[in-house]
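Undergrad: You'll find structure24.tsv just under this line, and it carries TSV, C-alpha atoms.
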chain	number	residue	atom	x	y	z
A	13	MET	CA	23.88	-35.95	88.19
A	14	ALA	CA	20.94	-33.79	88.43
A	15	ARG	CA	19.21	-32.75	85.32
A	16	ALA	CA	19.31	-29.06	84.66
A	17	LYS	CA	16.00	-27.47	83.95
A	18	VAL	CA	15.87	-25.35	80.87
A	19	GLN	CA	14.20	-22.15	81.70
A	20	ILE	CA	12.85	-19.95	78.94
A	21	GLY	CA	12.81	-16.31	79.76
A	22	GLY	CA	9.83	-14.06	78.99
A	23	ALA	CA	11.64	-12.06	76.28
A	24	PHE	CA	12.98	-15.18	74.59
A	25	GLY	CA	9.53	-16.80	74.64
A	26	CYS	CA	7.98	-13.74	73.00
A	27	LYS	CA	10.69	-13.70	70.32
A	28	LEU	CA	10.16	-17.39	69.65
A	29	ALA	CA	6.38	-16.98	69.42
A	30	PHE	CA	6.77	-13.98	67.11
A	31	SER	CA	9.20	-15.93	64.91
A	32	VAL	CA	6.77	-18.85	64.62
A	33	VAL	CA	3.87	-16.53	63.75
A	34	ALA	CA	6.03	-14.62	61.23
A	35	LEU	CA	7.18	-17.84	59.55
A	36	ALA	CA	3.57	-19.07	59.37
A	37	ALA	CA	2.50	-15.78	57.77
A	38	ILE	CA	5.35	-15.95	55.25
A	39	ALA	CA	4.48	-19.56	54.40
A	40	ALA	CA	0.82	-18.65	53.92
A	41	SER	CA	1.69	-15.72	51.66
A	42	LEU	CA	4.05	-17.88	49.58
A	43	LEU	CA	1.31	-20.49	49.16
A	44	THR	CA	-1.11	-17.76	48.09
A	45	ILE	CA	1.36	-16.40	45.53
A	46	ARG	CA	1.98	-19.92	44.22
A	47	GLN	CA	-1.76	-20.52	43.88
A	48	LEU	CA	-2.22	-17.24	42.01
A	49	ARG	CA	0.62	-18.09	39.62
A	50	THR	CA	-0.85	-21.53	38.99
A	51	GLN	CA	-4.27	-20.00	38.32
A	52	ALA	CA	-2.78	-17.40	35.95
A	53	ALA	CA	-0.90	-20.12	34.05
A	54	HIS	CA	-4.11	-22.13	33.73
A	55	GLU	CA	-6.04	-19.12	32.41
A	56	PHE	CA	-3.23	-18.35	29.96
A	57	ALA	CA	-3.26	-21.94	28.69
A	58	SER	CA	-7.05	-21.80	28.31
A	59	LEU	CA	-6.81	-18.58	26.31
A	60	ARG	CA	-4.13	-20.06	24.05
A	61	LEU	CA	-6.38	-23.06	23.44
A	62	ARG	CA	-9.28	-20.76	22.54
A	63	VAL	CA	-7.06	-18.79	20.16
A	64	MET	CA	-5.92	-22.01	18.50
A	65	ARG	CA	-9.54	-23.13	18.06
A	66	VAL	CA	-10.52	-19.77	16.56
A	67	ASP	CA	-7.53	-19.94	14.20
A	68	GLU	CA	-8.51	-23.44	13.13
A	69	ALA	CA	-12.11	-22.37	12.52
A	70	SER	CA	-10.88	-19.35	10.55
A	71	GLY	CA	-8.67	-21.60	8.44
A	72	ARG	CA	-11.58	-23.94	7.73
A	73	LEU	CA	-13.79	-21.00	6.71
A	74	ARG	CA	-11.07	-19.65	4.43
A	75	ALA	CA	-10.68	-23.05	2.84
A	76	ASP	CA	-14.46	-23.29	2.30
A	77	ILE	CA	-14.50	-19.86	0.70
A	78	ALA	CA	-11.57	-20.80	-1.53
A	79	ARG	CA	-13.37	-23.97	-2.63
A	80	HIS	CA	-16.57	-22.10	-3.52
A	81	VAL	CA	-15.10	-18.98	-5.15
A	82	GLY	CA	-13.32	-19.42	-8.45
A	83	PRO	CA	-10.69	-17.13	-9.96
A	84	ALA	CA	-13.15	-15.55	-12.42
A	85	GLU	CA	-15.63	-14.68	-9.69
A	86	LEU	CA	-12.82	-13.32	-7.53
A	87	ARG	CA	-11.58	-11.05	-10.34
A	88	GLU	CA	-15.15	-9.86	-10.90
A	89	ARG	CA	-15.65	-8.96	-7.24
A	90	LEU	CA	-12.28	-7.24	-7.02
A	91	ALA	CA	-13.18	-5.12	-10.05
A	92	GLU	CA	-16.46	-4.17	-8.36
A	93	LEU	CA	-14.62	-3.21	-5.17
A	94	ASP	CA	-12.04	-1.18	-7.12
A	95	ALA	CA	-14.79	0.67	-8.96
A	96	LYS	CA	-16.59	1.39	-5.71
A	97	HIS	CA	-13.33	2.49	-4.09
A	98	LEU	CA	-12.60	4.91	-6.95
A	99	GLU	CA	-16.07	6.40	-6.59
A	100	ASP	CA	-15.55	6.78	-2.84
A	101	ASP	CA	-12.24	8.61	-3.30
A	102	SER	CA	-13.93	11.71	-4.67
A	103	PRO	CA	-14.08	14.73	-2.33
A	104	GLN	CA	-17.88	14.67	-2.40
A	105	ALA	CA	-17.91	11.03	-1.25
A	106	ALA	CA	-15.55	11.93	1.58
A	107	LEU	CA	-17.93	14.63	2.78
A	108	VAL	CA	-20.87	12.22	2.62
A	109	GLY	CA	-18.85	9.69	4.61
A	110	LEU	CA	-18.14	12.30	7.28
A	111	GLU	CA	-21.80	13.27	7.49
A	112	ARG	CA	-22.76	9.63	7.96
A	113	SER	CA	-20.25	9.13	10.75
A	114	ASP	CA	-21.52	12.28	12.50
A	115	ASP	CA	-25.10	10.94	12.46
A	116	ARG	CA	-24.14	7.96	14.65
Show this structure as structure tokens.
TA:
Amino acid sequence: MARAKVQIGGAFGCKLAFSVVALAAIAASLLTIRQLRTQAAHEFASLRLRVMRVDEASGRLRADIARHVGPAELRERLAELDAKHLEDDSPQAALVGLERSDDR
């Protein structure tokens, strides 16, 4: 028996070459998308870690303030702020506040 030679026609060869190139391009684009998703997930995790660290630092600062400020001092400062706030609620104080913001 003689072996039959497989002959690839010109059109079929072009289609096969185009298919291989197209599949390579699709694979490369999928790898790029996967890399971008991995990078975005890493950046998101880094940001969450930074937020957690800032929250922890904020909690420590709040605890330090709470240790150093007693109830009497807190009431005193709140009374000062309330008095200042009542003074600032007058129409004249509102106009002065607007003039100051316009100067900036």
Undergrad: Would you compute the distance between CA of Arg74 (chain A) and CA of Arg87 (chain A)? Give it in Å to one decimal.
TA: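 CA of Arg74 (chain A) sits 17.1 Å away from CA of Arg87 (chain A).
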Undergrad: So for region 81-90 of chain A, what box centre and size do we get, axis-aligned, 3 Å extra on each of the six sides, every listed atom, Å to one decimal, as lines of an AutoDock Vina configuration file?
TA:
center_x = -13.2
center_y = -13.3
center_z = -8.8
size_x = 11.0
size_y = 18.2
size_z = 13.3
Undergrad: What is the CA of Asp76 (chain A) to CA of Met64 (chain A) distance in Å?
TA: 18.4 Å
